[in-house]
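Q: Just so it is clear, I am handing over work_12.txt, which has compact mmCIF, C-alpha atoms.
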# COMPACT_ATOMS: atom_id res chain seq x y z
CA MET M 8 0.00 0.00 0.00
CA ASN M 9 1.11 3.55 -0.73
CA ARG M 10 0.78 5.01 2.80
CA ASP M 11 1.28 8.59 1.70
CA LEU M 12 -1.37 8.34 -0.99
CA PHE M 13 -3.78 6.78 1.48
CA GLN M 14 -3.18 9.64 3.93
CA TYR M 15 -3.49 12.22 1.19
CA VAL M 16 -6.80 10.86 -0.08
CA ILE M 17 -8.34 10.25 3.33
CA ARG M 18 -7.59 13.82 4.38
CA LEU M 19 -9.43 15.16 1.37
CA GLY M 20 -12.29 12.75 2.00
CA ASP M 21 -12.56 13.68 5.68
CA ASN M 22 -12.59 17.40 4.92
CA ALA M 23 -15.48 16.95 2.51
CA LEU M 24 -17.35 14.61 4.86
CA ILE M 25 -17.12 16.75 7.99
CA ASN M 26 -17.85 19.98 6.11
CA GLY M 27 -20.88 18.30 4.51
CA GLN M 28 -22.09 16.91 7.84
CA ARG M 29 -21.92 20.37 9.47
CA LEU M 30 -23.67 22.09 6.59
CA ALA M 31 -26.41 19.46 6.55
CA GLU M 32 -27.29 20.48 10.11
CA TRP M 33 -29.09 23.43 8.52
CA CYS M 34 -31.59 21.12 6.84
CA GLY M 35 -35.02 22.42 7.80
CA ARG M 36 -33.48 25.33 9.74
CA GLY M 37 -32.34 27.68 6.98
CA PRO M 38 -33.30 31.35 7.23
CA PHE M 39 -35.73 30.85 4.32
CA LEU M 40 -36.68 28.00 2.03
CA GLU M 41 -34.37 28.79 -0.91
CA GLU M 42 -31.34 29.13 1.32
CA ASP M 43 -32.24 25.97 3.17
CA LEU M 44 -32.21 24.18 -0.20
CA ALA M 45 -28.95 25.84 -1.22
CA MET M 46 -27.14 24.74 1.93
CA THR M 47 -28.42 21.19 1.77
CA ASN M 48 -27.64 20.96 -1.95
CA THR M 49 -24.07 22.03 -1.23
CA ALA M 50 -23.90 19.56 1.65
CA LEU M 51 -25.05 16.83 -0.73
CA ASP M 52 -22.26 17.69 -3.18
CA LEU M 53 -19.74 17.57 -0.33
CA ILE M 54 -20.95 14.20 0.90
CA GLY M 55 -20.92 12.91 -2.69
CA ARG M 56 -17.32 14.08 -2.98
CA ALA M 57 -16.49 12.40 0.34
CA ARG M 58 -17.97 9.13 -0.95
CA MET M 59 -15.76 9.16 -4.05
CA LEU M 60 -12.66 9.99 -2.02
CA LEU M 61 -13.26 7.57 0.84
CA SER M 62 -14.07 4.73 -1.59
CA TYR M 63 -10.79 5.45 -3.32
CA ALA M 64 -8.93 5.64 0.02
CA GLY M 65 -10.29 2.19 0.87
CA GLU M 66 -9.08 0.92 -2.49
CA VAL M 67 -5.60 2.38 -1.98
CA GLU M 68 -5.43 0.87 1.49
CA GLY M 69 -6.32 -2.55 0.11
CA LYS M 70 -7.80 -3.95 3.32
CA GLY M 71 -11.32 -4.14 2.01
CA ARG M 72 -12.66 -1.12 3.92
CA SER M 73 -15.58 0.57 2.16
CA GLU M 74 -16.57 4.24 2.20
CA ASP M 75 -19.06 3.41 4.97
CA ASP M 76 -16.45 1.58 7.06
CA LEU M 77 -14.22 4.63 6.83
CA ALA M 78 -16.97 7.15 7.58
CA TYR M 79 -18.77 5.32 10.35
CA PHE M 80 -16.28 3.03 12.06
CA ARG M 81 -13.24 5.19 12.63
CA ASN M 82 -12.68 6.93 15.93
CA GLU M 83 -12.00 10.61 16.45
CA ARG M 84 -8.22 10.27 16.45
CA GLU M 85 -8.35 8.52 13.06
CA PHE M 86 -10.07 11.45 11.33
CA ARG M 87 -7.79 13.71 9.34
CA ASN M 88 -9.91 16.79 8.61
CA PHE M 89 -8.93 20.38 9.32
CA HIS M 90 -10.29 22.00 12.47
CA ILE M 91 -12.22 24.61 10.49
CA MET M 92 -14.52 21.86 9.15
CA GLU M 93 -15.62 20.60 12.56
CA LEU M 94 -16.43 23.94 14.24
CA PRO M 95 -20.11 24.14 15.21
CA VAL M 96 -22.40 25.87 12.70
CA GLY M 97 -22.89 29.01 14.81
CA ASP M 98 -25.21 31.59 13.28
CA PHE M 99 -25.89 32.00 9.57
CA ALA M 100 -23.04 34.52 9.26
CA PHE M 101 -20.60 32.04 10.78
CA THR M 102 -21.71 29.20 8.50
CA THR M 103 -21.51 31.51 5.48
CA ALA M 104 -18.04 32.81 6.36
CA ARG M 105 -16.69 29.30 6.97
CA GLN M 106 -18.21 28.09 3.72
CA PHE M 107 -16.72 30.97 1.77
CA LEU M 108 -13.21 30.42 3.19
CA VAL M 109 -13.46 26.68 2.51
CA ASP M 110 -15.11 27.04 -0.92
CA ALA M 111 -12.35 29.39 -2.07
CA TYR M 112 -9.77 26.86 -0.87
CA ASP M 113 -11.53 23.90 -2.49
CA TYR M 114 -11.98 25.70 -5.78
CA HIS M 115 -8.28 26.49 -6.17
CA TYR M 116 -7.25 23.14 -4.71
CA TYR M 117 -9.32 21.02 -7.09
CA LEU M 118 -8.44 23.27 -10.01
CA ALA M 119 -4.82 22.25 -9.44
CA LEU M 120 -5.60 18.63 -8.55
CA GLN M 121 -7.19 18.10 -11.98
CA ASP M 122 -3.63 17.77 -13.29
CA SER M 123 -2.66 15.12 -10.74
CA ALA M 124 -0.49 12.24 -11.98
CA ASP M 125 -2.96 9.96 -10.17
CA ALA M 126 -5.73 9.32 -12.71
CA THR M 127 -8.46 8.65 -10.12
CA LEU M 128 -7.70 11.82 -8.15
CA ALA M 129 -7.59 13.82 -11.38
CA ALA M 130 -11.01 12.44 -12.37
CA ILE M 131 -12.54 13.17 -8.96
CA ALA M 132 -11.05 16.68 -9.06
CA ALA M 133 -12.45 17.42 -12.52
CA LYS M 134 -15.86 16.19 -11.39
CA THR M 135 -15.87 18.14 -8.14
CA LEU M 136 -14.42 21.37 -9.56
CA LYS M 137 -17.55 22.34 -11.45
CA GLU M 138 -19.59 22.00 -8.27
CA CYS M 139 -16.99 24.05 -6.38
CA GLU M 140 -17.60 26.89 -8.84
CA TYR M 141 -21.27 27.00 -7.87
CA HIS M 142 -20.47 26.78 -4.17
CA LEU M 143 -17.92 29.57 -4.33
CA ARG M 144 -20.21 31.82 -6.34
CA HIS M 145 -22.97 31.30 -3.81
CA SER M 146 -20.94 31.85 -0.65
CA SER M 147 -19.08 34.85 -2.19
CA GLU M 148 -22.38 36.57 -2.92
CA TRP M 149 -23.59 35.94 0.61
CA MET M 150 -20.37 37.40 2.04
CA VAL M 151 -21.08 40.59 0.08
CA ARG M 152 -24.75 40.66 1.11
CA LEU M 153 -23.90 40.23 4.77
CA GLY M 154 -20.77 42.38 4.85
CA ASP M 155 -22.24 45.21 2.81
CA GLY M 156 -25.72 44.72 4.28
CA THR M 157 -27.12 46.07 7.52
CA GLY M 158 -25.18 47.11 10.60
CA GLU M 159 -26.23 43.88 12.29
CA SER M 160 -25.21 41.60 9.42
CA HIS M 161 -21.89 43.43 9.00
CA GLU M 162 -21.14 43.05 12.68
CA ARG M 163 -22.03 39.36 12.73
CA VAL M 164 -19.97 38.44 9.68
CA THR M 165 -17.03 40.47 11.01
CA ARG M 166 -17.22 38.52 14.26
CA ALA M 167 -17.37 35.24 12.31
CA VAL M 168 -14.37 36.08 10.16
CA THR M 169 -12.34 37.16 13.20
CA GLU M 170 -13.11 33.87 14.88
CA LEU M 171 -12.41 31.78 11.76
CA MET M 172 -9.19 33.31 10.44
CA PRO M 173 -6.86 31.59 12.94
CA PHE M 174 -8.13 28.24 11.63
CA THR M 175 -7.13 28.95 8.03
CA ALA M 176 -3.36 28.67 8.55
CA GLU M 177 -3.76 24.90 8.85
CA LEU M 178 -5.11 24.72 5.28
CA PHE M 179 -1.72 25.69 3.87
CA ALA M 180 0.70 24.03 6.29
CA ALA M 181 2.39 21.37 4.14
CA ASP M 182 3.77 18.34 5.94
CA GLU M 183 5.75 15.29 4.84
CA VAL M 184 2.75 13.68 3.13
CA ASP M 185 1.98 16.81 1.11
CA ARG M 186 5.62 17.20 0.08
CA THR M 187 6.00 13.56 -0.96
CA MET M 188 2.78 13.65 -2.95
CA GLN M 189 3.75 16.92 -4.62
CA GLU M 190 7.17 15.49 -5.57
CA GLN M 191 5.42 12.54 -7.20
CA GLY M 192 3.19 14.88 -9.18
CA ILE M 193 0.13 13.56 -7.35
CA GLY M 194 -0.45 16.34 -4.83
CA VAL M 195 -0.81 20.07 -5.34
CA ASP M 196 1.55 22.91 -4.46
CA LEU M 197 0.04 24.44 -1.32
CA ASP M 198 2.06 27.64 -1.65
CA SER M 199 0.46 28.48 -4.96
CA ILE M 200 -2.99 27.55 -3.60
CA GLU M 201 -2.36 29.96 -0.73
CA THR M 202 -1.50 32.78 -3.15
CA SER M 203 -4.69 32.22 -5.17
CA TRP M 204 -6.78 31.84 -2.02
CA ASN M 205 -5.44 35.12 -0.60
CA LYS M 206 -6.37 36.94 -3.79
CA GLU M 207 -9.87 35.47 -3.75
CA VAL M 208 -10.36 36.40 -0.09
CA GLU M 209 -9.05 39.96 -0.61
CA ARG M 210 -11.32 40.47 -3.60
CA VAL M 211 -14.50 39.32 -1.87
CA PHE M 212 -13.68 41.02 1.46
CA CYS M 213 -13.10 44.28 -0.42
CA GLU M 214 -16.48 44.02 -2.14
CA ALA M 215 -18.10 43.03 1.15
CA THR M 216 -16.51 46.05 2.92
CA LEU M 217 -14.82 43.69 5.36
CA GLU M 218 -11.39 44.14 6.88
CA ARG M 219 -9.18 41.11 6.96
CA PRO M 220 -8.52 40.66 10.67
CA PRO M 221 -4.97 40.17 11.93
CA THR M 222 -4.38 36.71 13.37
CA SER M 223 -2.42 36.48 16.56
CA PHE M 224 -2.51 32.70 16.90
CA THR M 225 -3.20 29.67 14.73
CA ARG M 226 -4.82 26.33 15.32
CA GLY M 227 -3.89 23.02 13.72
CA GLY M 228 -3.35 19.34 14.32
CA GLY M 229 -6.42 18.02 12.55
CA ARG M 230 -4.35 16.09 10.06
CA GLN M 231 -2.57 14.31 12.89
CA GLY M 232 -5.93 13.35 14.34
CA LEU M 233 -5.82 15.97 17.09
CA HIS M 234 -9.26 17.53 17.11
CA SER M 235 -11.24 20.09 19.06
CA GLU M 236 -13.82 19.21 21.70
CA HIS M 237 -16.53 19.56 19.04
CA MET M 238 -15.41 16.60 16.96
CA GLY M 239 -16.54 13.85 19.30
CA PHE M 240 -20.08 15.20 19.44
CA LEU M 241 -20.23 15.51 15.68
CA LEU M 242 -19.08 11.91 15.22
CA ALA M 243 -21.47 10.64 17.89
CA GLU M 244 -24.37 12.03 15.91
CA MET M 245 -23.05 11.07 12.48
CA GLN M 246 -22.10 7.52 13.44
CA SER M 247 -24.77 6.56 15.95
CA LEU M 248 -26.96 4.59 13.56
CA GLN M 249 -24.16 2.45 12.10
CA ARG M 250 -22.57 1.98 15.52
CA THR M 251 -25.86 0.77 16.96
CA TYR M 252 -26.80 -1.43 13.99
CA PRO M 253 -23.52 -2.25 12.23
CA GLY M 254 -23.96 -2.97 8.53
CA LEU M 255 -27.48 -1.55 8.49
CA ASN M 256 -28.84 -0.96 5.00
CA TRP M 257 -31.77 1.11 3.80
CA MET P 27 -41.35 -14.16 -19.93
CA ALA P 28 -38.68 -13.13 -22.42
CA ALA P 29 -35.79 -15.44 -23.24
CA VAL P 30 -32.87 -15.34 -20.86
CA HIS P 31 -29.80 -14.01 -22.64
CA THR P 32 -26.70 -15.40 -21.00
CA THR P 33 -23.38 -16.97 -21.91
CA GLU P 34 -24.16 -17.79 -25.54
CA LEU P 35 -23.76 -14.11 -26.39
CA PRO P 36 -20.48 -13.18 -28.02
CA ALA P 37 -17.83 -11.33 -26.07
CA GLY P 38 -16.90 -7.78 -26.99
CA ARG P 39 -19.26 -5.71 -29.13
CA ASN P 40 -22.15 -7.19 -30.96
CA GLU P 41 -23.90 -4.20 -32.47
CA ASP P 42 -27.37 -5.73 -32.88
CA ALA P 43 -27.46 -7.18 -29.40
CA ILE P 44 -26.14 -3.98 -27.87
CA ASN P 45 -28.70 -1.88 -29.75
CA GLU P 46 -31.38 -4.15 -28.35
CA VAL P 47 -30.13 -3.45 -24.82
CA ARG P 48 -30.06 0.28 -25.57
CA ARG P 49 -33.68 0.07 -26.71
CA VAL P 50 -34.60 -1.50 -23.38
CA LEU P 51 -32.66 1.22 -21.58
CA GLU P 52 -34.73 3.85 -23.41
CA ARG P 53 -37.38 3.05 -20.80
CA VAL P 54 -35.14 4.06 -17.90
CA THR P 55 -35.79 7.67 -17.02
CA ASP P 56 -34.56 10.16 -14.46
CA PRO P 57 -36.71 9.69 -11.33
CA GLU P 58 -36.81 13.45 -10.73
CA ILE P 59 -37.36 14.49 -14.35
CA PRO P 60 -39.31 11.56 -15.80
CA VAL P 61 -39.45 13.03 -19.32
CA LEU P 62 -35.72 12.44 -19.75
CA THR P 63 -34.24 9.03 -20.48
CA ILE P 64 -30.75 8.25 -19.22
CA ALA P 65 -29.56 8.48 -22.83
CA ASP P 66 -31.14 11.96 -23.19
CA LEU P 67 -29.33 13.02 -20.03
CA GLY P 68 -26.00 11.82 -21.37
CA ILE P 69 -25.27 9.69 -18.32
CA LEU P 70 -25.45 6.41 -20.26
CA ARG P 71 -21.86 6.19 -21.43
CA ASP P 72 -21.57 2.68 -22.84
CA VAL P 73 -23.09 -0.79 -23.05
CA LEU P 74 -20.77 -3.81 -23.26
CA TRP P 75 -20.98 -7.57 -23.24
CA ASN P 76 -18.68 -8.83 -20.57
CA ASP P 77 -18.14 -12.51 -19.68
CA GLY P 78 -21.62 -13.39 -20.81
CA GLY P 79 -23.26 -10.54 -18.91
CA ILE P 80 -24.10 -6.97 -19.70
CA GLN P 81 -22.08 -4.11 -18.42
CA VAL P 82 -23.79 -0.74 -18.41
CA ILE P 83 -21.49 2.21 -17.87
CA ILE P 84 -22.97 5.37 -16.44
CA THR P 85 -21.50 8.60 -15.15
CA PRO P 86 -22.91 10.60 -12.23
CA THR P 87 -24.46 14.01 -12.83
CA TYR P 88 -23.76 15.71 -9.49
CA SER P 89 -21.44 13.91 -7.04
CA GLY P 90 -24.09 13.54 -4.40
CA CYS P 91 -27.22 13.26 -6.52
CA PRO P 92 -29.45 10.68 -4.80
CA ALA P 93 -31.17 9.93 -8.12
CA MET P 94 -28.06 8.06 -9.26
CA GLN P 95 -28.72 5.17 -6.91
CA THR P 96 -32.32 4.88 -8.09
CA ILE P 97 -31.19 5.04 -11.71
CA GLU P 98 -28.74 2.20 -11.09
CA GLN P 99 -31.50 0.07 -9.56
CA ASP P 100 -33.89 0.98 -12.39
CA ILE P 101 -31.37 -0.06 -15.05
CA ARG P 102 -30.90 -3.42 -13.37
CA ALA P 103 -34.63 -3.95 -12.86
CA GLU P 104 -35.56 -2.97 -16.43
CA LEU P 105 -32.95 -5.29 -17.94
CA ASN P 106 -33.90 -8.14 -15.59
CA ARG P 107 -37.54 -7.68 -16.56
CA ASN P 108 -36.54 -8.10 -20.19
CA GLY P 109 -34.69 -11.33 -19.59
CA TYR P 110 -31.17 -10.08 -19.07
CA ALA P 111 -30.14 -11.82 -15.87
CA ASP P 112 -26.51 -10.89 -15.50
CA VAL P 113 -26.27 -7.11 -15.33
CA GLU P 114 -23.47 -5.03 -13.94
CA VAL P 115 -23.80 -1.26 -13.64
CA LYS P 116 -20.48 0.50 -13.48
CA THR P 117 -19.88 4.14 -12.62
CA GLN P 118 -17.23 5.98 -14.52
CA LEU P 119 -16.03 9.43 -13.40
CA ALA P 120 -13.82 10.60 -16.26
CA PRO P 121 -14.54 12.51 -18.35
CA PRO P 122 -16.90 14.28 -15.94
CA TRP P 123 -20.53 14.64 -16.95
CA THR P 124 -21.50 17.94 -18.46
CA THR P 125 -24.87 19.37 -19.46
CA ASP P 126 -23.35 19.71 -22.94
CA TRP P 127 -24.16 16.00 -23.27
CA LEU P 128 -27.91 16.55 -22.99
CA SER P 129 -29.36 15.42 -26.31
CA ALA P 130 -31.23 17.83 -28.60
CA ALA P 131 -34.36 15.73 -28.06
CA GLY P 132 -33.79 15.91 -24.32
CA ARG P 133 -33.57 19.69 -24.42
CA GLU P 134 -36.87 19.91 -26.28
CA LYS P 135 -38.55 17.52 -23.84
CA LEU P 136 -37.28 19.59 -20.92
CA LEU P 137 -38.70 22.80 -22.33
CA GLU P 138 -42.07 21.16 -23.01
CA TYR P 139 -42.02 19.92 -19.43
CA GLY P 140 -41.58 23.52 -18.22
CA ILE P 141 -37.87 23.38 -17.38
CA VAL P 142 -35.58 25.72 -19.31
CA PRO P 143 -32.66 23.68 -20.70
CA PRO P 144 -29.04 24.76 -20.03
CA ALA P 145 -28.20 27.98 -21.87
CA GLY P 146 -25.12 27.68 -24.05
CA SER P 147 -22.14 25.42 -23.56
CA SER P 148 -20.86 24.69 -20.09
CA ALA P 149 -17.34 24.35 -21.49
CA LYS P 150 -17.39 27.90 -22.77
CA GLN P 151 -18.62 29.82 -19.76
CA ASP P 152 -17.62 30.74 -16.25
CA LEU P 153 -20.09 28.95 -13.96
CA ARG P 154 -19.42 31.54 -11.27
CA VAL P 155 -21.35 34.21 -13.19
CA PRO P 156 -25.17 34.05 -12.99
CA VAL P 157 -27.17 33.45 -16.17
CA THR P 158 -29.51 36.29 -17.18
CA GLY P 159 -32.08 36.84 -19.94
CA LEU P 160 -33.53 33.31 -19.94
CA ALA P 161 -36.81 33.12 -21.87
CA CYS P 162 -39.80 32.19 -19.70
CA PRO P 163 -41.08 28.74 -20.73
CA ARG P 164 -44.68 29.97 -20.46
CA CYS P 165 -44.79 33.44 -22.00
CA GLN P 166 -41.33 33.65 -23.67
CA SER P 167 -40.53 36.99 -22.01
CA ALA P 168 -36.82 37.51 -21.41
CA ASP P 169 -37.60 39.64 -18.36
CA THR P 170 -36.72 36.90 -15.87
CA VAL P 171 -34.74 36.82 -12.65
CA GLU P 172 -32.95 34.17 -10.63
CA ILE P 173 -34.64 33.53 -7.26
CA SER P 174 -32.37 30.77 -6.04
CA ARG P 175 -29.37 29.09 -7.55
CA PHE P 176 -30.31 25.80 -5.96
CA GLY P 177 -33.73 24.39 -6.73
CA SER P 178 -35.64 21.24 -5.90
CA THR P 179 -32.78 19.06 -7.19
CA PRO P 180 -29.03 19.75 -7.44
CA CYS P 181 -29.24 20.23 -11.21
CA LYS P 182 -31.83 23.00 -11.18
CA ALA P 183 -32.04 26.68 -10.26
CA LEU P 184 -35.24 28.59 -9.54
CA TYR P 185 -36.22 31.60 -11.67
CA ARG P 186 -39.20 33.93 -11.88
CA CYS P 187 -40.73 35.63 -14.89
CA ASN P 188 -41.40 39.32 -14.25
CA ALA P 189 -43.91 39.45 -17.14
CA CYS P 190 -46.28 36.59 -16.24
CA LEU P 191 -45.06 36.38 -12.61
CA GLU P 192 -44.78 32.59 -12.75
CA PRO P 193 -41.77 30.81 -11.27
CA PHE P 194 -39.90 28.26 -13.38
CA ASP P 195 -37.01 25.81 -13.12
CA TYR P 196 -33.77 26.21 -15.04
CA PHE P 197 -31.50 23.22 -15.69
CA LYS P 198 -28.11 24.70 -14.77
CA CYS P 199 -25.00 24.35 -16.88
CA LEU P 200 -22.41 22.02 -15.39
Just give me the structure as structure tokens.
A:
Amino acid sequence: MNRDLFQYVIRLGDNALINGQRLAEWCGRGPFLEEDLAMTNTALDLIGRARMLLSYAGEVEGKGRSEDDLAYFRNEREFRNFHIMELPVGDFAFTTARQFLVDAYDYHYYLALQDSADATLAAIAAKTLKECEYHLRHSSEWMVRLGDGTGESHERVTRAVTELMPFTAELFAADEVDRTMQEQGIGVDLDSIETSWNKEVERVFCEATLERPPTSFTRGGGRQGLHSEHMGFLLAEMQSLQRTYPGLNW
Amino acid sequence: MAAVHTTELPAGRNEDAINEVRRVLERVTDPEIPVLTIADLGILRDVLWNDGGIQVIITPTYSGCPAMQTIEQDIRAELNRNGYADVEVKTQLAPPWTTDWLSAAGREKLLEYGIVPPAGSSAKQDLRVPVTGLACPRCQSADTVEISRFGSTPCKALYRCNACLEPFDYFKCL
């Protein structure tokens, strides 16, 4: 088994899965019907992406684990997602700001991953990229509506961005796995993703009349399986059915 | 009951036999948009004979579209009903599905059904920019506005006509 490839793919899969799980919490609770549908549609795309990636991770691992085994029967310390994905949904401004920061990252990430030397990853990236375009367009517009909206919405989205920014450093911190994958032409160059991401964030913040807050500290460790206190609760809810009735089918 | 087609079928491509399978598959439609067959949608990529069985190759529309699972089951059920016992449905990701693969007939059927088909080629436009000036499927006015980018299914957006005031679905470019 190619351990680095397995790690690389499972990280991508976990990010999509946990982000999708969080976003799906809005189902039936959106501020109005159309937005409720938009958030759950995006969540569906993310979970679809997670399925493709986790299935592939299971294949790379070669131990016969399926997408469901990986999603429902791993413990907290075995999850490799970034912290930003697992943070509770907060208010609508917080969910929107997180989604925008993550959508901008995903868009530039999958744009680059389309050229991966790994044919399966390249195919998944090409498939997912077009959906990322819709997600990014949607969350960018909401950032502008909230930021350049009322005093209340501006204040709330400013608070959200201030809280979220320290969690974005982790998105660009390359480790041994990233470097090895990049050397093999499989992984992307995180430095260039960071440059594109910064431009995207500056552009939308400017239009949204938002200041980019200074960050005095950063949070990380998700990719080593070190998660925040929120992760266990998220998994408990997500996994409860399969843990109670292992192998349950619809 | 129809004859059971099994191992006596030749390996590889047998055009007549494959066309027969394609004719059966004409009856498999999208569960959400029943006027479209899977061939109209462009998700039916290939039909092959493989080790005596039939292999149907499809490609997903949206990554998480729940209709895909139903479509897979419908393909299997429809072929089984017509005497094809050994059916494998395989999903292929590359090249990724695009609305450019919607057939001309499919586009017409969509419009008749009240859904505006994708405007222009997905390959030639930036999906991040909203589509404007769509003609209302009821009164043909171009004075229409997007209400929500995400409609009742992942593939649709919701629009409203300012002339006749009716809402309508738009099948988004992807």
Q: For chain P against chain M, with a cut-off of 6 Å and counting only C-alpha atoms, what is the closest atom pair and its distance in Å to one decimal for every residue that makes the cut, ordered by chain and number, as JSON lines?
A:
{"residue": "P:Ser89", "atom": "CA", "partner": "M:Gly55", "partner_atom": "CA", "distance": 4.5}
{"residue": "P:Gly90", "atom": "CA", "partner": "M:Gly55", "partner_atom": "CA", "distance": 3.7}
{"residue": "P:Leu119", "atom": "CA", "partner": "M:Ala130", "partner_atom": "CA", "distance": 5.9}
{"residue": "P:Ala120", "atom": "CA", "partner": "M:Ala130", "partner_atom": "CA", "distance": 5.1}
{"residue": "P:Pro122", "atom": "CA", "partner": "M:Lys134", "partner_atom": "CA", "distance": 5.0}
{"residue": "P:Arg154", "atom": "CA", "partner": "M:Arg144", "partner_atom": "CA", "distance": 5.0}
{"residue": "P:Ser174", "atom": "CA", "partner": "M:Glu41", "partner_atom": "CA", "distance": 5.9}
{"residue": "P:Phe176", "atom": "CA", "partner": "M:Ala45", "partner_atom": "CA", "distance": 4.9}
{"residue": "P:Pro180", "atom": "CA", "partner": "M:Asn48", "partner_atom": "CA", "distance": 5.8}
Q: Smallest atom-to-atom distance to Met150 in chain M: which of M:Gln249, M:Asn26, M:Ser235, M:Thr165, using only C-alpha atoms?
A: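 Looking only at the distances to Met150 in chain M, the closest residue turns out to be M:Thr165.
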Q: My list of candidates is P:Arg186, P:Gly140, P:Val113, P:Trp123. Which is closest to Thr158 in chain P when distances are computed with all atoms listed in the file?
A: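 Ranked by minimum distance to Thr158 in chain P, first place goes to P:Arg186.
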Q: When you look at range 71-86 of chain M with a cut-off of 9 Å (counting only C-alpha atoms), what residues show up, excluding the ones that are within fewer than 2 positions of it in the same chain? I need them as a ChimeraX atom specification.
A: /M:17-18,21,24,57-66,68-69,88,229-234,238-239,242,245-250,253-254
Q: Quick check, in Å to one decimal: how far apart do CA of Ala167 in chain M and CA of Pro156 in chain P lie?
A: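 These two atoms are separated by 26.5 Å.
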Q: Which residues are near Thr125 in chain P? Cut-off 7 Å, all atoms listed in the file, ignore same chain within fewer than 5 positions. Put them as an mmCIF file with C-alpha atoms, in the frame of the given file.
A:
data_model
loop_
_atom_site.group_PDB
_atom_site.id
_atom_site.type_symbol
_atom_site.label_atom_id
_atom_site.label_comp_id
_atom_site.auth_asym_id
_atom_site.auth_seq_id
_atom_site.Cartn_x
_atom_site.Cartn_y
_atom_site.Cartn_z
ATOM 1 C CA PRO P 144 -29.040 24.760 -20.030
ATOM 2 C CA SER P 148 -20.860 24.690 -20.090
ATOM 3 C CA CYS P 199 -25.000 24.350 -16.880
ATOM 4 C CA LEU P 200 -22.410 22.020 -15.390
#
Q: Quick one: residues within 12 Å of Leu74 in chain P, all atoms listed in the file, excluding same-chain residues fewer than 5 positions away - as a count of residues only?
A: 25
Q: Compile the contact shell of Leu128 in chain M as an mmCIF file with C-alpha atoms, in the frame of the given file: residues with an atom at most 9 Å away, counting all atoms listed in the file, same-chain residues fewer than 6 positions apart removed.
A:
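After the write, result-v2.cif holds the following:
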data_model
loop_
_atom_site.group_PDB
_atom_site.id
_atom_site.type_symbol
_atom_site.label_atom_id
_atom_site.label_comp_id
_atom_site.auth_asym_id
_atom_site.auth_seq_id
_atom_site.Cartn_x
_atom_site.Cartn_y
_atom_site.Cartn_z
ATOM 1 C CA VAL M 16 -6.800 10.860 -0.080
ATOM 2 C CA LEU M 60 -12.660 9.990 -2.020
ATOM 3 C CA TYR M 63 -10.790 5.450 -3.320
ATOM 4 C CA LEU M 120 -5.600 18.630 -8.550
ATOM 5 C CA GLN M 121 -7.190 18.100 -11.980
ATOM 6 C CA ASP M 122 -3.630 17.770 -13.290
ATOM 7 C CA ILE M 193 0.130 13.560 -7.350
#
Q: Would you compute the distance between CA of Leu160 in chain P and CA of Phe107 in chain M? Give it in Å to one decimal.
A: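 Between CA of Leu160 in chain P and CA of Phe107 in chain M the gap works out to 27.6 Å.
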Q: Which residues are close to Arg105 in chain M, i.e. within 7 Å by all atoms listed in the file, leaving aside same-chain residues fewer than 4 positions away? Reply as a ChimeraX atom specification.
A: /M:101,109,171
Q: At a cut-off of 10 Å around the point (-35.6, -4.2, -17.7) (file coordinates), what residues fall inside when counting all atoms listed in the file? I'd like the answer as a ChimeraX atom specification.
A: /P:47,50-54,100-111
Q: Quick one: pull the distance between CA of Pro38 in chain M and CA of Ala111 in chain M, Å, one decimal.
A: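 If I compute the distance from CA of Pro38 in chain M to CA of Ala111 in chain M, I get 23.0 Å.
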Q: Please produce range 111-117 of chain P, completed to N, CA, C and O atoms, as an mmCIF file, keeping the file's coordinate frame.
A:
data_model
loop_
_atom_site.group_PDB
_atom_site.id
_atom_site.type_symbol
_atom_site.label_atom_id
_atom_site.label_comp_id
_atom_site.auth_asym_id
_atom_site.auth_seq_id
_atom_site.Cartn_x
_atom_site.Cartn_y
_atom_site.Cartn_z
ATOM 1 N N ALA P 111 -30.299 -11.464 -17.276
ATOM 2 C CA ALA P 111 -30.140 -11.820 -15.870
ATOM 3 C C ALA P 111 -28.865 -11.225 -15.261
ATOM 4 O O ALA P 111 -28.854 -10.750 -14.136
ATOM 5 N N ASP P 112 -27.813 -11.265 -16.040
ATOM 6 C CA ASP P 112 -26.510 -10.890 -15.500
ATOM 7 C C ASP P 112 -26.185 -9.445 -15.914
ATOM 8 O O ASP P 112 -25.739 -9.183 -17.027
ATOM 9 N N VAL P 113 -26.450 -8.527 -15.011
ATOM 10 C CA VAL P 113 -26.270 -7.110 -15.330
ATOM 11 C C VAL P 113 -25.344 -6.454 -14.316
ATOM 12 O O VAL P 113 -25.529 -6.592 -13.107
ATOM 13 N N GLU P 114 -24.342 -5.777 -14.834
ATOM 14 C CA GLU P 114 -23.470 -5.030 -13.940
ATOM 15 C C GLU P 114 -23.543 -3.551 -14.331
ATOM 16 O O GLU P 114 -23.425 -3.217 -15.506
ATOM 17 N N VAL P 115 -23.775 -2.689 -13.349
ATOM 18 C CA VAL P 115 -23.800 -1.260 -13.640
ATOM 19 C C VAL P 115 -22.537 -0.663 -13.056
ATOM 20 O O VAL P 115 -22.269 -0.779 -11.863
ATOM 21 N N LYS P 116 -21.753 -0.057 -13.932
ATOM 22 C CA LYS P 116 -20.480 0.500 -13.480
ATOM 23 C C LYS P 116 -20.500 2.017 -13.594
ATOM 24 O O LYS P 116 -21.009 2.567 -14.569
ATOM 25 N N THR P 117 -19.943 2.684 -12.587
ATOM 26 C CA THR P 117 -19.880 4.140 -12.620
ATOM 27 C C THR P 117 -18.498 4.586 -13.061
ATOM 28 O O THR P 117 -17.497 4.088 -12.571
#
